[in-house]
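One file, query.cif, carrying mmCIF, C-alpha atoms:
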data_target
#
loop_
_atom_site.label_atom_id
_atom_site.label_comp_id
_atom_site.auth_asym_id
_atom_site.auth_seq_id
_atom_site.Cartn_x
_atom_site.Cartn_y
_atom_site.Cartn_z
CA MET M 1 18.16 -1.99 -8.14
CA LEU M 2 19.11 -2.58 -4.51
CA MET M 3 21.91 -5.00 -3.73
CA ALA M 4 22.90 -7.05 -0.71
CA SER M 5 26.71 -7.21 -0.90
CA ASP M 6 27.69 -9.40 -3.85
CA ALA M 7 24.60 -11.62 -3.76
CA GLU M 8 21.79 -11.68 -6.30
CA PRO M 9 19.60 -8.58 -6.10
CA LEU M 10 16.97 -9.13 -3.43
CA LEU M 11 14.79 -6.19 -4.39
CA LEU M 12 14.30 -4.88 -7.91
CA ARG M 13 13.19 -1.32 -8.61
CA ALA M 14 11.72 -0.03 -11.87
CA ASP M 15 10.51 3.54 -12.52
CA ARG M 16 8.15 4.61 -15.29
CA ASP M 17 6.30 7.91 -15.65
CA GLY M 18 5.85 8.53 -11.94
CA VAL M 19 5.15 4.86 -11.13
CA ARG M 20 7.65 2.79 -9.16
CA THR M 21 7.52 -1.00 -8.99
CA LEU M 22 9.32 -2.85 -6.20
CA THR M 23 9.74 -6.56 -6.89
CA LEU M 24 10.71 -9.04 -4.18
CA ASN M 25 13.33 -11.16 -5.91
CA ARG M 26 13.85 -14.47 -4.12
CA PRO M 27 11.83 -16.73 -6.40
CA ALA M 28 13.56 -19.92 -5.21
CA ARG M 29 12.08 -19.23 -1.75
CA LYS M 30 8.77 -17.90 -3.09
CA ASN M 31 10.07 -14.46 -2.15
CA ALA M 32 10.30 -15.18 1.57
CA ILE M 33 11.72 -12.03 3.15
CA SER M 34 15.17 -12.47 4.66
CA PRO M 35 16.68 -10.05 7.22
CA ALA M 36 18.58 -8.26 4.44
CA LEU M 37 15.44 -7.96 2.31
CA TRP M 38 13.47 -6.51 5.24
CA ARG M 39 16.08 -3.77 5.53
CA GLN M 40 16.13 -3.12 1.80
CA LEU M 41 12.35 -2.96 1.62
CA ARG M 42 12.25 -0.51 4.53
CA ASP M 43 14.88 1.70 2.87
CA ALA M 44 13.09 1.54 -0.49
CA LEU M 45 9.80 2.67 1.09
CA ARG M 46 11.55 5.52 2.89
CA ASP M 47 13.21 6.55 -0.36
CA ALA M 48 9.80 6.52 -2.04
CA ALA M 49 8.44 8.85 0.64
CA ASP M 50 11.18 11.38 -0.18
CA ASP M 51 10.72 11.23 -3.96
CA ARG M 52 8.69 14.24 -5.07
CA ASP M 53 8.28 12.85 -8.58
CA LEU M 54 6.66 9.60 -7.42
CA ARG M 55 2.91 9.31 -8.01
CA ALA M 56 2.14 5.61 -7.36
CA LEU M 57 3.92 2.53 -5.99
CA VAL M 58 3.43 -1.13 -6.97
CA ILE M 59 4.74 -4.03 -4.88
CA THR M 60 4.97 -7.50 -6.41
CA GLY M 61 7.03 -10.68 -6.37
CA ALA M 62 9.20 -12.47 -8.92
CA GLY M 63 8.83 -15.98 -10.30
CA GLY M 64 5.10 -16.60 -9.92
CA ALA M 65 4.73 -15.88 -6.20
CA PHE M 66 4.02 -12.71 -4.26
CA CYS M 67 5.59 -13.51 -0.88
CA SER M 68 5.62 -16.60 1.34
CA GLY M 69 6.24 -14.51 4.46
CA ALA M 70 9.28 -13.97 6.64
CA ASP M 71 12.15 -16.34 5.90
CA ILE M 72 12.40 -18.38 9.09
CA GLY M 73 15.01 -20.65 7.48
CA THR M 74 17.73 -18.00 7.27
CA PRO M 75 19.97 -17.83 10.38
CA ASP M 76 19.36 -14.62 12.32
CA GLU M 77 20.89 -14.43 15.78
CA VAL M 78 19.61 -11.03 16.82
CA HIS M 79 17.11 -10.55 19.64
CA PRO M 80 13.47 -11.25 18.63
CA ALA M 81 12.62 -7.63 19.42
CA GLU M 82 15.09 -6.52 16.74
CA LYS M 83 13.57 -8.95 14.23
CA LEU M 84 10.11 -7.55 14.86
CA ARG M 85 11.37 -3.97 14.68
CA ARG M 86 12.37 -4.60 11.06
CA LEU M 87 8.83 -5.71 10.28
CA SER M 88 7.29 -2.80 12.16
CA ASP M 89 9.48 -0.33 10.26
CA VAL M 90 8.25 -1.75 6.94
CA ALA M 91 4.59 -1.75 8.00
CA LEU M 92 4.74 1.86 9.19
CA ALA M 93 6.68 3.10 6.15
CA LEU M 94 4.14 1.47 3.82
CA HIS M 95 1.13 2.78 5.75
CA GLU M 96 2.48 6.33 5.95
CA LEU M 97 3.46 6.59 2.29
CA ALA M 98 1.49 9.48 0.80
CA VAL M 99 1.19 8.09 -2.73
CA PRO M 100 -1.33 5.35 -3.61
CA THR M 101 0.05 1.82 -3.33
CA VAL M 102 -0.93 -1.34 -5.22
CA ALA M 103 -0.11 -4.97 -4.39
CA LYS M 104 0.15 -7.14 -7.51
CA VAL M 105 -0.36 -10.64 -6.11
CA ASN M 106 0.72 -13.37 -8.50
CA GLY M 107 0.72 -16.70 -6.66
CA VAL M 108 0.90 -17.16 -2.89
CA ALA M 109 0.72 -14.44 -0.25
CA VAL M 110 1.32 -16.04 3.14
CA GLY M 111 1.80 -14.73 6.67
CA ALA M 112 3.71 -11.47 6.68
CA GLY M 113 3.64 -11.65 2.89
CA TRP M 114 -0.15 -11.44 2.91
CA ASN M 115 -0.08 -8.62 5.43
CA LEU M 116 2.39 -6.78 3.19
CA ALA M 117 -0.24 -6.93 0.44
CA LEU M 118 -3.03 -5.91 2.81
CA GLY M 119 -0.95 -2.88 3.84
CA CYS M 120 -1.28 -1.55 0.29
CA ASP M 121 -4.23 0.63 -0.68
CA LEU M 122 -5.39 -1.66 -3.49
CA VAL M 123 -4.81 -5.38 -4.14
CA VAL M 124 -4.92 -7.07 -7.54
CA ALA M 125 -4.77 -10.88 -7.69
CA THR M 126 -5.22 -13.71 -10.19
CA PRO M 127 -7.57 -16.70 -9.88
CA GLU M 128 -4.50 -18.80 -9.00
CA SER M 129 -3.55 -16.61 -6.02
CA ARG M 130 -3.73 -18.18 -2.58
CA PHE M 131 -3.73 -16.48 0.82
CA CYS M 132 -3.03 -17.71 4.35
CA GLN M 133 -2.42 -16.20 7.78
CA ILE M 134 -0.11 -19.10 8.50
CA PHE M 135 1.18 -17.92 11.88
CA ALA M 136 -0.81 -20.36 14.05
CA LYS M 137 0.64 -23.31 12.12
CA ARG M 138 4.12 -22.04 13.03
CA GLY M 139 3.33 -21.56 16.72
CA LEU M 140 3.29 -17.78 16.25
CA SER M 141 0.84 -14.89 16.48
CA LEU M 142 0.13 -12.25 13.85
CA ASP M 143 2.72 -9.68 12.81
CA LEU M 144 3.33 -7.01 10.15
CA ALA M 145 0.15 -5.25 11.33
CA GLY M 146 -2.13 -8.23 10.64
CA SER M 147 -3.91 -7.75 13.97
CA TRP M 148 -4.71 -4.16 12.95
CA LEU M 149 -5.47 -4.68 9.27
CA LEU M 150 -7.64 -7.79 9.31
CA PRO M 151 -10.41 -6.64 11.68
CA LYS M 152 -10.71 -3.34 9.80
CA LEU M 153 -11.07 -5.12 6.47
CA VAL M 154 -13.21 -8.16 7.32
CA GLY M 155 -14.61 -7.57 10.82
CA LEU M 156 -13.55 -9.19 14.07
CA GLN M 157 -15.20 -12.60 13.63
CA GLN M 158 -13.77 -13.33 10.17
CA ALA M 159 -10.38 -11.97 11.27
CA LYS M 160 -10.38 -14.48 14.12
CA ARG M 161 -11.36 -17.29 11.75
CA LEU M 162 -8.51 -16.51 9.35
CA ALA M 163 -5.96 -16.05 12.12
CA LEU M 164 -6.90 -18.82 14.56
CA LEU M 165 -7.48 -21.55 11.97
CA ALA M 166 -4.85 -20.36 9.46
CA ASP M 167 -7.12 -21.43 6.59
CA THR M 168 -5.85 -21.04 3.05
CA ILE M 169 -8.35 -19.17 0.89
CA ASP M 170 -8.47 -18.54 -2.84
CA ALA M 171 -8.72 -15.22 -4.64
CA ALA M 172 -12.50 -15.42 -5.04
CA GLU M 173 -13.06 -15.80 -1.30
CA ALA M 174 -10.48 -13.12 -0.56
CA GLN M 175 -12.34 -10.75 -2.84
CA ALA M 176 -15.68 -11.64 -1.24
CA LEU M 177 -14.13 -10.77 2.15
CA ASN M 178 -12.87 -7.40 0.82
CA LEU M 179 -9.24 -8.53 1.04
CA VAL M 180 -8.70 -8.29 -2.73
CA THR M 181 -9.88 -5.36 -4.86
CA TRP M 182 -9.78 -7.04 -8.29
CA VAL M 183 -9.21 -10.57 -9.61
CA VAL M 184 -7.93 -10.67 -13.20
CA GLY M 185 -6.47 -13.40 -15.39
CA ALA M 186 -2.80 -14.26 -15.02
CA GLY M 187 -2.16 -13.15 -18.57
CA GLU M 188 -3.86 -9.82 -17.96
CA ILE M 189 -2.56 -8.76 -14.56
CA ASP M 190 0.55 -6.94 -15.79
CA GLY M 191 -1.41 -4.74 -18.19
CA PHE M 192 -4.21 -4.24 -15.68
CA VAL M 193 -1.84 -3.05 -12.95
CA ASP M 194 0.10 -0.85 -15.38
CA ASP M 195 -3.14 0.86 -16.40
CA LEU M 196 -4.29 1.17 -12.79
CA ALA M 197 -0.97 2.68 -11.69
CA ASP M 198 -1.05 5.11 -14.64
CA ARG M 199 -4.55 6.25 -13.64
CA LEU M 200 -3.41 6.83 -10.07
CA ALA M 201 -0.27 8.65 -11.24
CA ALA M 202 -2.39 10.93 -13.43
CA GLY M 203 -4.58 12.00 -10.51
CA PRO M 204 -4.15 15.18 -8.44
CA PRO M 205 -1.26 14.18 -6.17
CA ARG M 206 -1.97 16.51 -3.25
CA ALA M 207 -5.68 15.80 -3.22
CA LEU M 208 -5.10 12.03 -3.43
CA ALA M 209 -2.58 12.21 -0.59
CA GLN M 210 -5.09 14.12 1.55
CA THR M 211 -7.88 11.68 0.72
CA LYS M 212 -5.69 8.68 1.58
CA ALA M 213 -4.69 10.27 4.88
CA LEU M 214 -8.30 11.16 5.71
CA LEU M 215 -9.45 7.59 5.10
CA ASN M 216 -6.61 6.11 7.13
CA GLN M 217 -7.22 8.53 10.00
CA GLY M 218 -10.98 8.14 9.79
CA ALA M 219 -10.76 4.42 10.45
CA ASP M 220 -9.73 5.17 14.05
CA ALA M 221 -11.19 8.63 14.57
CA THR M 222 -14.33 9.76 16.31
CA LEU M 223 -16.88 11.56 14.17
CA ALA M 224 -15.73 14.89 15.61
CA GLU M 225 -12.09 14.10 14.83
CA ALA M 226 -12.94 13.00 11.27
CA LEU M 227 -14.89 16.20 10.67
CA ALA M 228 -12.00 18.31 11.97
CA ASN M 229 -9.57 16.47 9.70
CA GLU M 230 -11.85 16.99 6.71
CA THR M 231 -12.14 20.68 7.53
CA ARG M 232 -8.37 21.14 7.54
CA ALA M 233 -8.06 19.31 4.20
CA GLN M 234 -10.86 21.28 2.57
CA ILE M 235 -9.38 24.60 3.71
CA ALA M 236 -6.28 23.71 1.68
CA ASN M 237 -8.51 22.86 -1.29
CA PHE M 238 -10.39 26.17 -1.00
CA ALA M 239 -7.05 27.96 -1.08
CA GLY M 240 -6.36 26.49 -4.51
CA THR M 241 -7.60 27.69 -7.89
CA ASP M 242 -9.76 24.62 -8.54
CA ALA M 243 -12.38 25.50 -5.92
CA ALA M 244 -12.72 29.05 -7.26
CA GLU M 245 -12.96 27.69 -10.80
CA ALA M 246 -15.69 25.27 -9.76
CA TYR M 247 -17.81 28.08 -8.27
CA ALA M 248 -17.31 30.24 -11.36
CA ALA M 249 -18.20 27.39 -13.70
CA PHE M 250 -21.36 26.66 -11.71
CA ALA M 251 -22.44 30.31 -11.85
CA GLU M 252 -21.70 30.53 -15.58
CA LYS M 253 -23.32 27.15 -16.32
CA ARG M 254 -20.23 25.75 -18.03
CA PRO M 255 -17.86 22.83 -17.41
CA ALA M 256 -15.10 23.53 -14.90
CA ARG M 257 -11.50 23.64 -16.10
CA PHE M 258 -9.29 22.39 -13.27
CA THR M 259 -5.56 23.12 -13.17
CA GLY M 260 -4.55 22.27 -9.61
CA GLY M 261 -3.04 25.73 -9.11
CA TRP M 262 -2.58 27.70 -5.91
CA LEU M 263 -4.55 30.91 -5.35
CA PRO M 264 -2.24 33.88 -4.57
CA THR M 265 -2.58 35.31 -1.07
CA SER M 266 -3.72 38.69 -2.40
CA ARG M 267 -6.67 37.08 -4.20
CA ARG M 268 -7.63 34.97 -1.19
CA SER M 269 -8.22 38.15 0.83
CA GLU M 270 -10.51 39.70 -1.80
#

Could you quickly redo this structure as structure tokens?
Amino acid sequence: MLMASDAEPLLLRADRDGVRTLTLNRPARKNAISPALWRQLRDALRDAADDRDLRALVITGAGGAFCSGADIGTPDEVHPAEKLRRLSDVALALHELAVPTVAKVNGVAVGAGWNLALGCDLVVATPESRFCQIFAKRGLSLDLAGSWLLPKLVGLQQAKRLALLADTIDAAEAQALNLVTWVVGAGEIDGFVDDLADRLAAGPPRALAQTKALLNQGADATLAEALANETRAQIANFAGTDAAEAYAAFAEKRPARFTGGWLPTSRRSE
């Protein structure tokens, strides 16, 4: 649990079997992110990056909402560049996190709150969830990587529609636009996300981290760059015991037995 002085906890943290859940905890403001919460969220994501036991991360909100965006009602006298640096730090820390990330969207996800969800690898919502790139209605442009995420996920034309008109869309439309991975009932979302996170946590952590990095890099890479990245990743896989086991199993016409081990240097030179 992360605290902001003597106030109510702004960010809750729960760990279970390699899965960490971060819960935005300002339900009275639909989890609008205050300056203090931006800092705590950044620090929590950096802590997650340094935790060798972590296998999956879930981000959600308390009290029936995911996040209504940045809290523009809280006084904050710093320079606008400093305000945006907080957001950029969070966006980068989330994007660069090696473990798989899941956004559990219960209720509204608006503005930077929606882009926080889109920054996760997978998004689970309920039929009641609502989404809006509200910036234009506030006289603002996109932030928290929305200008980078939206075109990659929905294409340039739909990204412009969502951003320029600031339409509110429901979970069904968000899923049709590839902005939501699954839509499940409100009474089922907790169990669904728990099971999903457990499946991710049970996967091969180094291979999943490499796959996530390859996909993220591939979105902006040339074909030659993507192939070079894949080559480097596969070399590491070939240096492990699983690749050798797969070849042996194929030759012996039996199922492979993978352990995720590392092949000793002496055997690699044989």

Exercise. The PyMOL selection byres ((chain M and resi 112) around 10) on the file shown: which residues, as a PyMOL selection string?
Worked result: chain M and resi 32-33+67-71+87+91+109-111+113-118+132-135+142-146

Taking all atoms listed in the file into account, produce a table as JSON lines in which each residue of range 137-163 of chain M with an atom at most 10 Å from an atom of range 173-181 of chain M appears once, together with its shortest atom pair and the distance in Å to one decimal, ordered by chain and rising number.
{"residue": "M:Leu149", "atom": "CA", "partner": "M:Leu179", "partner_atom": "CA", "distance": 9.8}
{"residue": "M:Leu150", "atom": "CA", "partner": "M:Leu179", "partner_atom": "CA", "distance": 8.5}
{"residue": "M:Leu153", "atom": "CA", "partner": "M:Asn178", "partner_atom": "CA", "distance": 6.4}
{"residue": "M:Val154", "atom": "CA", "partner": "M:Leu177", "partner_atom": "CA", "distance": 5.9}
{"residue": "M:Gly155", "atom": "CA", "partner": "M:Leu177", "partner_atom": "CA", "distance": 9.3}
{"residue": "M:Gln158", "atom": "CA", "partner": "M:Leu177", "partner_atom": "CA", "distance": 8.4}
{"residue": "M:Ala159", "atom": "CA", "partner": "M:Leu177", "partner_atom": "CA", "distance": 9.9}

Would you write out, as a compact mmCIF listing (two decimals) with C-alpha atoms, in the coordinates of the input, every residue that the PyMOL selection byres ((chain M and resi 16) around 12) captures in this file?
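Okay, out.txt is ready:
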# COMPACT_ATOMS: atom_id res chain seq x y z
CA ARG M 13 13.19 -1.32 -8.61
CA ALA M 14 11.72 -0.03 -11.87
CA ASP M 15 10.51 3.54 -12.52
CA ASP M 17 6.30 7.91 -15.65
CA GLY M 18 5.85 8.53 -11.94
CA VAL M 19 5.15 4.86 -11.13
CA ARG M 20 7.65 2.79 -9.16
CA THR M 21 7.52 -1.00 -8.99
CA LEU M 22 9.32 -2.85 -6.20
CA ASP M 53 8.28 12.85 -8.58
CA LEU M 54 6.66 9.60 -7.42
CA ARG M 55 2.91 9.31 -8.01
CA ALA M 56 2.14 5.61 -7.36
CA LEU M 57 3.92 2.53 -5.99
CA VAL M 58 3.43 -1.13 -6.97
CA ASP M 194 0.10 -0.85 -15.38
CA ASP M 195 -3.14 0.86 -16.40
CA ALA M 197 -0.97 2.68 -11.69
CA ASP M 198 -1.05 5.11 -14.64
CA ALA M 201 -0.27 8.65 -11.24

For this session: Could you tell me how far CA of Asp121 in chain M lies from CA of Asn229 in chain M, in Å and to one decimal?
Result: 19.7 Å

Problem set entry | Length of the CA of Ala249 in chain M to CA of Trp262 in chain M vector [Å] |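 Value for the CA of Ala249 in chain M-CA of Trp262 in chain M distance: 17.5 Å.
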
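Take the candidates M:Ala28, M:Leu97, M:Ala221, M:Leu214 and check each one against Asp51 in chain M using all atoms listed in the file; the shortest distance goes to M:Leu97.
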
For this session: For the structure shown, which residues end up in the PyMOL selection byres ((chain M and resi 208) around 12)? Put them as a list of chain:residue names, please?
Result: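 Those residues are M:Arg55, M:Ala56, M:Leu97, M:Ala98, M:Val99, M:Pro100, M:Thr101, M:Asp121, M:Arg199, M:Leu200, M:Ala201, M:Ala202, M:Gly203, M:Pro204, M:Pro205, M:Arg206, M:Ala207, M:Ala209, M:Gln210, M:Thr211, M:Lys212, M:Ala213, M:Leu214, M:Leu215, M:Ala233, M:Asn237, M:Gly260.
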
For this session: Can you work out which one of M:Val124, M:Ala62, M:Leu196, M:Ala163 has the shortest atom-to-atom distance to Leu140 in chain M, counting only C-alpha atoms?
Result: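 Closest to Leu140 in chain M, using only C-alpha atoms: M:Ala163.
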
Problem set entry | Separation of CA of Arg46 in chain M from CA of Val90 in chain M, in Å and rounded to one decimal |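 We find that CA of Arg46 in chain M and CA of Val90 in chain M lie 9.0 Å from each other.
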
Problem set entry | Contacts of Leu12 in chain M at 12 Å (all atoms listed in the file; same-chain gap of 4+ positions) as number ranges by chain | M: 1-4, 8, 20-26, 31, 37, 40-41, 44, 58-62

Problem set entry | Residue nearest Ser88 in chain M - candidates M:Pro27, M:Leu156, M:Ala239, M:Arg39, atoms counted: only C-alpha atoms |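 The closest residue to Ser88 in chain M is M:Arg39.
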
Which range 1-112 of chain M residues have any atom within 10 Å of an atom of range 182-190 of chain M, and for each, what is the nearest pair of atoms with distance in Å to one decimal, counting only C-alpha atoms, rows sorted by chain and number, as a Markdown table?
| residue | atom | partner | partner_atom | distance |
| --- | --- | --- | --- | --- |
| M:Gly64 | CA | M:Ala186 | CA | 9.7 |
| M:Lys104 | CA | M:Ile189 | CA | 7.7 |
| M:Val105 | CA | M:Ile189 | CA | 8.9 |
| M:Asn106 | CA | M:Ala186 | CA | 7.5 |
| M:Gly107 | CA | M:Ala186 | CA | 9.4 |

Write out, as a PDB file, in the coordinates of the input, the residues just selected, with C-alpha atoms.
ATOM      1  CA  GLY M  64       5.100 -16.600  -9.920  1.00  0.00           C
ATOM      2  CA  LYS M 104       0.150  -7.140  -7.510  1.00  0.00           C
ATOM      3  CA  VAL M 105      -0.360 -10.640  -6.110  1.00  0.00           C
ATOM      4  CA  ASN M 106       0.720 -13.370  -8.500  1.00  0.00           C
ATOM      5  CA  GLY M 107       0.720 -16.700  -6.660  1.00  0.00           C
TER       6      GLY M 107
END

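The residue that comes closest to Ala103 in chain M, out of M:Ala36, M:Phe66, M:Ile235, M:Arg138 and on the basis of all atoms listed in the file, is M:Phe66.
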
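Distances to Glu96 in chain M were evaluated for M:Ser129, M:Gly139, M:Gly119, M:Leu10 using only C-alpha atoms, and the minimum falls at M:Gly119.
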